[in-house]
>>> print(open('upload38.txt').read())   # compact mmCIF, C-alpha atoms and all ligand atoms
# COMPACT_ATOMS: atom_id res chain seq x y z
CA MET A 1 89.22 98.58 89.19
CA LEU A 2 85.54 97.85 88.98
CA ILE A 3 83.47 100.58 87.44
CA LYS A 4 79.79 100.21 88.15
CA SER A 5 77.59 101.39 85.34
CA ARG A 6 75.47 103.41 87.76
CA PRO A 7 75.95 103.61 91.52
CA SER A 8 72.95 102.75 93.63
CA TRP A 9 72.69 106.21 95.14
CA PHE A 10 72.06 109.63 93.72
CA LEU A 11 73.00 113.03 95.02
CA SER A 12 70.54 115.85 94.86
CA GLU A 13 72.03 119.09 93.58
CA ASN A 14 70.58 120.86 96.60
CA ASP A 15 72.77 118.79 98.90
CA ALA A 16 75.91 120.42 97.59
CA THR A 17 77.65 122.91 99.85
CA PRO A 18 78.74 125.79 97.65
CA GLU A 19 82.44 126.52 97.77
CA SER A 20 81.70 130.14 98.71
CA ILE A 21 79.99 129.11 101.98
CA TYR A 22 82.94 126.99 103.05
CA LYS A 23 85.36 129.79 102.24
CA GLN A 24 83.30 132.34 104.17
CA ARG A 25 83.17 130.06 107.19
CA ARG A 26 86.89 129.41 107.04
CA ASP A 27 87.68 133.11 106.72
CA ILE A 28 85.45 133.95 109.68
CA VAL A 29 87.23 131.38 111.85
CA LYS A 30 90.57 132.85 110.81
CA LYS A 31 89.43 136.41 111.53
CA LEU A 32 88.31 135.36 114.98
CA GLY A 33 91.91 134.33 115.55
CA ILE A 34 91.29 130.65 116.18
CA ALA A 35 94.66 129.16 115.43
CA ALA A 36 95.59 125.76 114.07
CA ALA A 37 94.53 122.92 116.33
CA ALA A 38 98.12 121.89 116.69
CA VAL A 39 101.31 123.47 117.96
CA PRO A 40 104.68 123.07 116.28
CA PHE A 41 107.16 120.53 117.58
CA ALA A 42 109.90 121.61 119.86
CA SER A 43 113.33 121.49 118.26
CA GLN A 44 113.75 118.18 116.49
CA THR A 45 117.28 117.84 117.82
CA HIS A 46 116.03 117.87 121.39
CA ALA A 47 117.04 114.73 123.29
CA GLY A 48 113.54 114.04 124.64
CA LEU A 49 112.07 114.14 121.17
CA PHE A 50 109.26 111.70 121.79
CA ASP A 51 108.26 113.20 125.09
CA VAL A 52 105.70 115.12 123.10
CA PHE A 53 104.08 111.83 122.24
CA SER A 54 103.82 110.52 125.77
CA SER A 55 100.25 109.51 126.46
CA SER A 56 97.89 112.19 127.57
CA ASN A 57 94.31 112.44 128.71
CA ASP A 58 94.00 115.78 127.07
CA LYS A 59 92.66 114.45 123.77
CA VAL A 60 92.39 116.96 120.97
CA THR A 61 89.56 115.21 119.26
CA GLU A 62 86.96 112.50 119.59
CA GLN A 63 87.24 110.53 116.39
CA ASP A 64 83.73 109.08 116.35
CA SER A 65 82.33 112.30 114.94
CA ARG A 66 84.00 114.93 112.82
CA MET A 67 85.51 117.67 114.94
CA THR A 68 86.51 121.15 113.88
CA LEU A 69 90.10 121.29 112.73
CA GLU A 70 91.77 124.38 111.38
CA GLY A 71 95.05 124.55 109.52
CA ALA A 72 97.34 127.23 108.17
CA SER A 73 96.82 127.69 104.44
CA SER A 74 99.59 126.33 102.28
CA GLU A 75 101.55 127.75 99.38
CA PHE A 76 101.15 124.34 97.70
CA SER A 77 97.38 124.63 97.31
CA THR A 78 95.85 124.33 93.83
CA LYS A 79 94.86 127.66 92.41
CA GLY A 80 91.96 128.53 90.16
CA LEU A 81 89.92 125.34 90.34
CA ALA A 82 86.53 125.21 92.07
CA LEU A 83 86.29 123.00 95.14
CA THR A 84 84.33 119.78 94.98
CA PRO A 85 81.37 120.24 97.35
CA GLU A 86 81.93 118.68 100.76
CA ASN A 87 79.00 116.28 100.60
CA LYS A 88 80.33 114.76 97.39
CA VAL A 89 83.76 114.22 98.95
CA LEU A 90 81.88 112.49 101.79
CA THR A 91 79.58 110.30 99.70
CA TYR A 92 81.42 109.39 96.49
CA ASN A 93 84.19 107.15 97.78
CA ASN A 94 86.47 104.21 97.13
CA PHE A 95 87.13 102.23 100.30
CA TYR A 96 86.68 98.58 99.38
CA GLU A 97 86.89 97.44 102.99
CA PHE A 98 83.42 99.03 103.30
CA GLY A 99 81.98 97.95 99.95
CA THR A 100 82.71 98.47 96.28
CA GLY A 101 79.84 100.87 95.46
CA LYS A 102 80.67 104.58 95.61
CA GLY A 103 77.97 105.23 98.23
CA GLU A 104 78.68 102.17 100.37
CA PRO A 105 81.66 103.42 102.44
CA ALA A 106 79.63 106.36 103.82
CA GLU A 107 76.88 103.94 104.87
CA GLN A 108 78.92 100.99 106.07
CA ALA A 109 81.70 102.92 107.85
CA LYS A 110 79.30 104.96 109.99
CA ASN A 111 80.25 103.17 113.21
CA PHE A 112 83.90 102.59 112.39
CA LYS A 113 85.84 102.98 115.62
CA THR A 114 88.90 105.20 115.30
CA THR A 115 89.71 105.77 118.98
CA PRO A 116 91.94 104.49 120.40
CA TRP A 117 94.21 104.36 117.34
CA THR A 118 97.93 103.85 117.11
CA ILE A 119 100.40 104.08 114.23
CA GLU A 120 103.51 101.94 114.37
CA ILE A 121 106.61 103.24 112.56
CA THR A 122 109.29 100.56 112.18
CA GLY A 123 112.04 99.16 109.96
CA GLU A 124 115.04 101.12 108.74
CA VAL A 125 114.77 103.89 111.31
CA ALA A 126 116.95 104.87 114.25
CA LYS A 127 113.93 105.48 116.48
CA PRO A 128 111.03 103.10 115.89
CA VAL A 129 107.92 104.29 117.64
CA THR A 130 104.23 103.62 118.22
CA LEU A 131 102.23 106.83 118.21
CA ASP A 132 98.78 107.58 119.52
CA ILE A 133 96.73 109.48 116.95
CA ALA A 134 95.61 111.95 119.63
CA ASP A 135 99.23 112.88 120.26
CA VAL A 136 99.92 113.18 116.56
CA MET A 137 96.95 115.54 116.19
CA LYS A 138 98.14 117.60 119.11
CA ASN A 139 101.75 117.91 118.09
CA MET A 140 101.91 118.14 114.34
CA LYS A 141 101.43 121.51 112.72
CA ILE A 142 98.31 121.16 110.62
CA GLU A 143 98.08 122.81 107.20
CA GLU A 144 95.21 123.11 104.81
CA ARG A 145 96.17 122.00 101.32
CA ILE A 146 93.76 122.18 98.45
CA TYR A 147 94.81 119.41 96.09
CA ARG A 148 93.51 117.93 92.89
CA HIS A 149 92.44 114.34 93.62
CA ARG A 150 92.54 112.15 90.49
CA CYS A 151 91.28 108.58 90.62
CA VAL A 152 92.64 106.04 88.13
CA GLU A 153 88.97 105.50 87.17
CA ALA A 154 89.11 108.91 85.41
CA TRP A 155 87.09 111.00 87.84
CA SER A 156 88.56 113.85 89.83
CA MET A 157 87.86 116.25 92.66
CA ASN A 158 89.51 119.30 94.22
CA VAL A 159 89.60 118.87 97.98
CA PRO A 160 90.67 121.08 100.91
CA TRP A 161 92.58 118.45 102.91
CA LEU A 162 94.11 119.08 106.35
CA GLY A 163 97.33 117.41 107.33
CA PHE A 164 101.08 117.61 107.70
CA PRO A 165 103.98 116.57 105.46
CA LEU A 166 104.90 112.89 105.79
CA ALA A 167 108.52 114.13 105.80
CA SER A 168 108.03 115.83 109.17
CA LEU A 169 106.89 112.53 110.69
CA LEU A 170 109.73 110.55 109.09
CA HIS A 171 112.35 113.02 110.30
CA LEU A 172 111.31 112.20 113.85
CA VAL A 173 112.09 108.50 113.47
CA GLN A 174 115.33 109.17 111.62
CA PRO A 175 115.44 106.90 108.55
CA THR A 176 118.73 105.00 108.16
CA SER A 177 120.76 105.07 104.92
CA LYS A 178 119.15 101.73 103.99
CA ALA A 179 115.66 103.23 103.95
CA LYS A 180 114.88 103.33 100.23
CA TYR A 181 111.11 102.77 100.39
CA VAL A 182 108.22 103.43 102.74
CA ALA A 183 105.41 100.85 103.08
CA PHE A 184 101.97 101.63 104.53
CA GLU A 185 99.27 99.34 105.86
CA THR A 186 95.55 99.86 106.51
CA LEU A 187 93.86 98.42 109.60
CA TYR A 188 92.90 94.74 109.31
CA ASP A 189 89.70 94.26 111.26
CA PRO A 190 87.13 92.04 109.50
CA ASP A 191 84.69 92.53 112.40
CA GLN A 192 84.44 96.20 111.52
CA MET A 193 85.22 96.07 107.81
CA PRO A 194 82.68 93.92 105.95
CA GLY A 195 84.76 93.94 102.75
CA GLN A 196 87.52 92.05 104.58
CA ARG A 197 85.15 89.22 105.46
CA GLY A 198 84.60 86.23 103.19
CA PHE A 199 85.86 86.07 99.64
CA SER A 200 87.59 89.07 98.13
CA SER A 201 90.07 89.28 95.26
CA ILE A 202 91.99 91.76 97.42
CA ASP A 203 94.36 90.17 99.90
CA TYR A 204 93.77 92.42 102.91
CA PRO A 205 95.15 94.42 104.63
CA TYR A 206 95.39 97.04 101.87
CA VAL A 207 99.04 97.99 101.42
CA GLU A 208 100.78 100.81 99.59
CA GLY A 209 104.27 102.18 99.15
CA LEU A 210 106.43 105.10 98.03
CA THR A 211 110.11 105.59 97.34
CA ILE A 212 111.85 107.48 100.12
CA ALA A 213 112.26 110.49 97.77
CA GLU A 214 108.51 110.51 97.10
CA ALA A 215 107.78 110.15 100.80
CA MET A 216 110.06 113.07 101.62
CA ASN A 217 108.65 115.34 98.91
CA PRO A 218 106.97 118.31 100.59
CA LEU A 219 103.71 117.67 98.68
CA THR A 220 103.20 114.24 100.27
CA LEU A 221 100.59 114.74 102.95
CA MET A 222 99.62 112.68 105.97
CA THR A 223 96.00 113.68 106.00
CA VAL A 224 93.83 113.99 109.10
CA GLY A 225 90.97 116.16 107.89
CA LEU A 226 89.04 117.81 105.11
CA TYR A 227 86.78 120.83 104.80
CA GLY A 228 87.78 122.20 108.21
CA LYS A 229 87.03 119.01 110.15
CA THR A 230 88.67 115.72 111.04
CA LEU A 231 88.32 112.96 108.44
CA ALA A 232 85.12 110.98 108.11
CA PRO A 233 85.57 107.19 108.30
CA GLN A 234 84.76 106.78 104.61
CA ASN A 235 87.63 109.11 103.70
CA GLY A 236 90.15 107.11 105.75
CA ALA A 237 89.88 108.36 109.34
CA PRO A 238 91.81 108.96 111.38
CA LEU A 239 94.91 109.12 109.15
CA ARG A 240 95.44 108.55 105.42
CA LEU A 241 97.98 109.34 102.77
CA ILE A 242 97.50 111.86 99.96
CA VAL A 243 100.06 111.97 97.15
CA PRO A 244 98.52 114.52 94.79
CA TRP A 245 100.55 113.74 91.64
CA LYS A 246 99.60 110.03 91.77
CA TYR A 247 96.38 108.17 91.10
CA GLY A 248 94.12 108.08 94.13
CA PHE A 249 94.69 104.40 94.95
CA LYS A 250 98.12 105.36 96.29
CA GLY A 251 96.25 107.35 98.97
CA ILE A 252 95.91 104.50 101.45
CA LYS A 253 93.30 105.02 104.16
CA SER A 254 93.08 104.34 107.91
CA ILE A 255 96.81 103.69 108.31
CA VAL A 256 98.10 101.66 111.26
CA LYS A 257 101.63 100.80 110.11
CA ILE A 258 104.46 102.59 108.36
CA HIS A 259 107.53 100.49 107.63
CA LEU A 260 110.76 101.77 106.08
CA LEU A 261 112.70 99.23 104.05
CA GLU A 262 115.42 98.64 101.46
CA LYS A 263 113.33 96.81 98.85
CA GLN A 264 110.24 97.96 96.97
CA PRO A 265 107.21 96.79 98.95
CA PRO A 266 104.19 95.06 97.37
CA THR A 267 101.15 97.27 96.76
CA THR A 268 97.53 96.12 96.68
CA TRP A 269 96.37 97.10 93.18
CA ASN A 270 99.68 96.16 91.61
CA LEU A 271 99.40 92.68 93.15
CA LEU A 272 95.88 92.35 91.83
CA ALA A 273 96.46 93.53 88.25
CA PRO A 274 100.12 94.39 87.53
CA ASP A 275 99.40 95.29 83.89
CA GLU A 276 96.85 97.88 84.94
CA TYR A 277 98.22 99.42 88.14
CA GLY A 278 101.90 100.18 88.65
CA PHE A 279 103.92 100.91 91.74
CA TYR A 280 104.56 104.52 90.68
CA ALA A 281 101.06 105.24 89.34
CA ASN A 282 101.87 108.85 88.46
CA VAL A 283 98.97 110.66 86.83
CA ASN A 284 99.79 110.65 83.12
CA PRO A 285 97.35 111.74 80.38
CA ASN A 286 99.59 110.17 77.71
CA VAL A 287 99.42 106.61 79.00
CA ASP A 288 95.98 105.06 78.89
CA HIS A 289 94.70 102.45 81.25
CA PRO A 290 94.40 99.22 79.22
CA ARG A 291 90.59 99.57 79.39
CA TRP A 292 90.01 103.34 79.21
CA SER A 293 91.64 106.64 78.28
CA GLN A 294 93.43 108.77 80.85
CA ALA A 295 93.56 111.86 78.61
CA SER A 296 90.62 113.50 80.36
CA GLU A 297 88.63 113.15 83.57
CA ARG A 298 85.14 113.72 84.91
CA PHE A 299 85.46 116.58 87.38
CA ILE A 300 83.06 116.16 90.28
CA GLY A 301 81.89 119.65 91.15
CA GLU A 302 78.49 121.26 91.65
CA GLY A 303 75.54 119.40 90.15
CA SER A 304 74.93 115.75 89.49
CA VAL A 305 77.95 113.44 89.43
CA PHE A 306 76.48 111.88 86.28
CA SER A 307 76.68 115.10 84.33
CA SER A 308 80.14 116.06 85.56
CA VAL A 309 82.18 118.27 83.28
CA ARG A 310 85.11 116.63 81.52
CA GLN A 311 88.43 118.36 81.86
CA GLU A 312 91.88 117.60 80.52
CA THR A 313 94.09 115.49 82.73
CA LEU A 314 97.38 117.18 83.55
CA MET A 315 100.77 115.48 83.61
CA PHE A 316 101.59 114.63 87.24
CA ASN A 317 98.09 115.95 87.94
CA GLY A 318 99.45 119.49 87.59
CA TYR A 319 102.32 119.08 90.08
CA GLY A 320 105.12 118.50 87.53
CA GLU A 321 107.09 121.52 88.66
CA GLN A 322 107.50 119.99 92.11
CA VAL A 323 107.94 116.32 91.20
CA ALA A 324 109.04 115.75 87.57
CA SER A 325 112.70 115.71 88.63
CA LEU A 326 112.03 112.55 90.66
CA TYR A 327 111.33 110.61 87.45
CA LYS A 328 114.17 111.66 85.15
CA ASN A 329 115.12 108.01 84.67
CA LEU A 330 111.63 106.66 84.04
CA ASP A 331 110.19 106.26 80.54
CA LEU A 332 107.03 108.34 80.88
CA LYS A 333 105.42 106.61 77.90
CA ARG A 334 105.00 103.46 79.94
CA ASN A 335 102.50 102.55 82.55
CA TYR A 336 104.27 101.92 85.85
N1 LIG B 1 92.56 102.74 100.93
C1 LIG B 1 92.05 101.57 101.35
N2 LIG B 1 92.48 101.06 102.52
N3 LIG B 1 91.09 100.89 100.66
C2 LIG B 1 90.64 101.35 99.45
O1 LIG B 1 89.79 100.69 98.82
N4 LIG B 1 90.81 103.10 97.73
C3 LIG B 1 91.76 104.02 97.09
C4 LIG B 1 92.27 105.07 98.07
N5 LIG B 1 92.61 104.47 99.34
C5 LIG B 1 91.18 102.57 98.95
C6 LIG B 1 92.13 103.27 99.74
C7 LIG B 1 91.21 104.67 95.91
S1 LIG B 1 91.02 103.69 94.54
C8 LIG B 1 90.93 106.00 95.86
S2 LIG B 1 90.51 106.76 94.40
C9 LIG B 1 90.96 106.83 97.07
O2 LIG B 1 91.27 106.07 98.23
C10 LIG B 1 89.60 107.48 97.27
O3 LIG B 1 89.62 108.38 98.34
P1 LIG B 1 88.28 109.16 98.73
O4 LIG B 1 87.19 108.14 98.88
O5 LIG B 1 88.57 109.89 100.00
O6 LIG B 1 87.99 110.10 97.57
>>> encode(input="upload38.txt", output="structure tokens")
Amino acid sequence: MLIKSRPSWFLSENDATPESIYKQRRDIVKKLGIAAAAVPFASQTHAGLFDVFSSSNDKVTEQDSRMTLEGASSEFSTKGLALTPENKVLTYNNFYEFGTGKGEPAEQAKNFKTTPWTIEITGEVAKPVTLDIADVMKNMKIEERIYRHRCVEAWSMNVPWLGFPLASLLHLVQPTSKAKYVAFETLYDPDQMPGQRGFSSIDYPYVEGLTIAEAMNPLTLMTVGLYGKTLAPQNGAPLRLIVPWKYGFKGIKSIVKIHLLEKQPPTTWNLLAPDEYGFYANVNPNVDHPRWSQASERFIGEGSVFSSVRQETLMFNGYGEQVASLYKNLDLKRNY
């Protein structure tokens, strides 16, 4: 991955939203009794399962600006680590479709159109379906999950995401016994995404994948918001993946297709540089990237991103208790 010596933008310390303000605001909303923006599904065994996804004019959210979105707090949230200020999550990004500089996605994705938006779920499933994002937002039970977010470039954040387990979406389409992997695809729209126009070493659309066990793990989050609002375009609106024990490039943004299949699907960074970026890409402080150490990371918190505090990188990014059993047969001294 390209690391620029110094991004072209600079954040003022005063721009940072202190964690305490966000928490106060969130607590006030909860005290006022404003519930999650979504209601739980009816019984999943119900015959008219996808009735809940029939098209509706009653849109929950307009995706062209960030709307308030509340979620029940989750037992899986990271404890004891300060949040990365919201404006840093919004302005220090990797989204190559909108430029390779960290500040470019926020600038170039400003007018990215995310309504209407559909997600197609196909392949080894009993019930393939095309879903409207508005219906997904309305029907999935949204949770807030504070997760460590560790980029392979050795920087990290701690982000209050909003979303729902990928498993709850996959249960609806009923994977067949042949479904061993799940492939994801980002929107391909060169008119809107300047990075997809002209020459690029990336063969767009951006693609990613998980094993079915990883996809079904309760930590794996289909993410629709952060910091109490719907996602900004630069963070992958309207729907992206977050797999907290893996390097951030597995967290594919602006998803339009999910395909279940028997064979391991190709993934963008692995295609580009197989010696540097594996399919599994589990966070591992003991296996260095060929060009830099992964033993520690620059935590992006309060203050300038250039003077970020270094902290130790944790095995599986701190989520070993929940996921180590998935990798009993993998040699963890190798880079996958
Ligand atoms: N998804 C797409 N479609 N294109 C990208 O360039 N970058 C990945 C991932 N998802 C990327 C993507 C990388 S390298 C990281 S670290 C995370 O998004 C960054 O997410 P963030 O900008 O919300 O922090």
>>> residues_near_ligand(input="upload38.txt", ligand="ligand LIG 1 (chain B)", cutoff="6 Å", atoms="all atoms listed in the file", output="PyMOL selection string")
chain A and resi 93-97+151+186+206+235+248-249+251-253
>>> write_last_selection(input="upload38.txt", atoms="C-alpha atoms", output="short mmCIF file (atom, residue, chain, number, x, y, z; two decimals), keeping the file's coordinate frame")
data_model
loop_
_atom_site.label_atom_id
_atom_site.label_comp_id
_atom_site.auth_asym_id
_atom_site.auth_seq_id
_atom_site.Cartn_x
_atom_site.Cartn_y
_atom_site.Cartn_z
CA ASN A 93 84.19 107.15 97.78
CA ASN A 94 86.47 104.21 97.13
CA PHE A 95 87.13 102.23 100.30
CA TYR A 96 86.68 98.58 99.38
CA GLU A 97 86.89 97.44 102.99
CA CYS A 151 91.28 108.58 90.62
CA THR A 186 95.55 99.86 106.51
CA TYR A 206 95.39 97.04 101.87
CA ASN A 235 87.63 109.11 103.70
CA GLY A 248 94.12 108.08 94.13
CA PHE A 249 94.69 104.40 94.95
CA GLY A 251 96.25 107.35 98.97
CA ILE A 252 95.91 104.50 101.45
CA LYS A 253 93.30 105.02 104.16
#
>>> residues_around(input="upload38.txt", residues="Leu170 of chain A", least_positions_apart="5", cutoff="10 Å", atoms="all atoms listed in the file", output="ChimeraX atom specification")
/A:121,125,127,165,175,182,212,215-216,258,260
>>> atom_distance(input="upload38.txt", atom1="atom CA of Gly228 of chain A", atom2="atom CA of Leu69 of chain A")
5.2 Å
>>> closest_residue(input="upload38.txt", among="A:Gln234, A:Thr78, A:Asn286, A:Asn270", to="Arg148 of chain A", atoms="all atoms listed in the file")
A:Thr78
>>> residues_around(input="upload38.txt", residues="Ser77 of chain A", least_positions_apart="2", cutoff="9 Å", atoms="only C-alpha atoms", output="PyMOL selection string")
chain A and resi 73-75+79+144-148+160
>>> write_last_selection(input="upload38.txt", atoms="C-alpha atoms", output="mmCIF file, in the frame of the given file")
data_model
loop_
_atom_site.group_PDB
_atom_site.id
_atom_site.type_symbol
_atom_site.label_atom_id
_atom_site.label_comp_id
_atom_site.auth_asym_id
_atom_site.auth_seq_id
_atom_site.Cartn_x
_atom_site.Cartn_y
_atom_site.Cartn_z
ATOM 1 C CA SER A 73 96.820 127.690 104.440
ATOM 2 C CA SER A 74 99.590 126.330 102.280
ATOM 3 C CA GLU A 75 101.550 127.750 99.380
ATOM 4 C CA LYS A 79 94.860 127.660 92.410
ATOM 5 C CA GLU A 144 95.210 123.110 104.810
ATOM 6 C CA ARG A 145 96.170 122.000 101.320
ATOM 7 C CA ILE A 146 93.760 122.180 98.450
ATOM 8 C CA TYR A 147 94.810 119.410 96.090
ATOM 9 C CA ARG A 148 93.510 117.930 92.890
ATOM 10 C CA PRO A 160 90.670 121.080 100.910
#
>>> residues_around(input="upload38.txt", residues="segment 224-226 of chain A", least_positions_apart="6", cutoff="6 Å", atoms="only C-alpha atoms", output="compact mmCIF listing (two decimals) with C-alpha atoms, in the frame of the given file")
# COMPACT_ATOMS: atom_id res chain seq x y z
CA PRO A 160 90.67 121.08 100.91
CA TRP A 161 92.58 118.45 102.91
CA LEU A 162 94.11 119.08 106.35
CA GLY A 163 97.33 117.41 107.33
CA PRO A 238 91.81 108.96 111.38
CA LEU A 239 94.91 109.12 109.15
>>> closest_residue(input="upload38.txt", among="A:Arg291, A:Trp155, A:Lys257, A:Val129", to="Ser307 of chain A", atoms="all atoms listed in the file")
A:Trp155
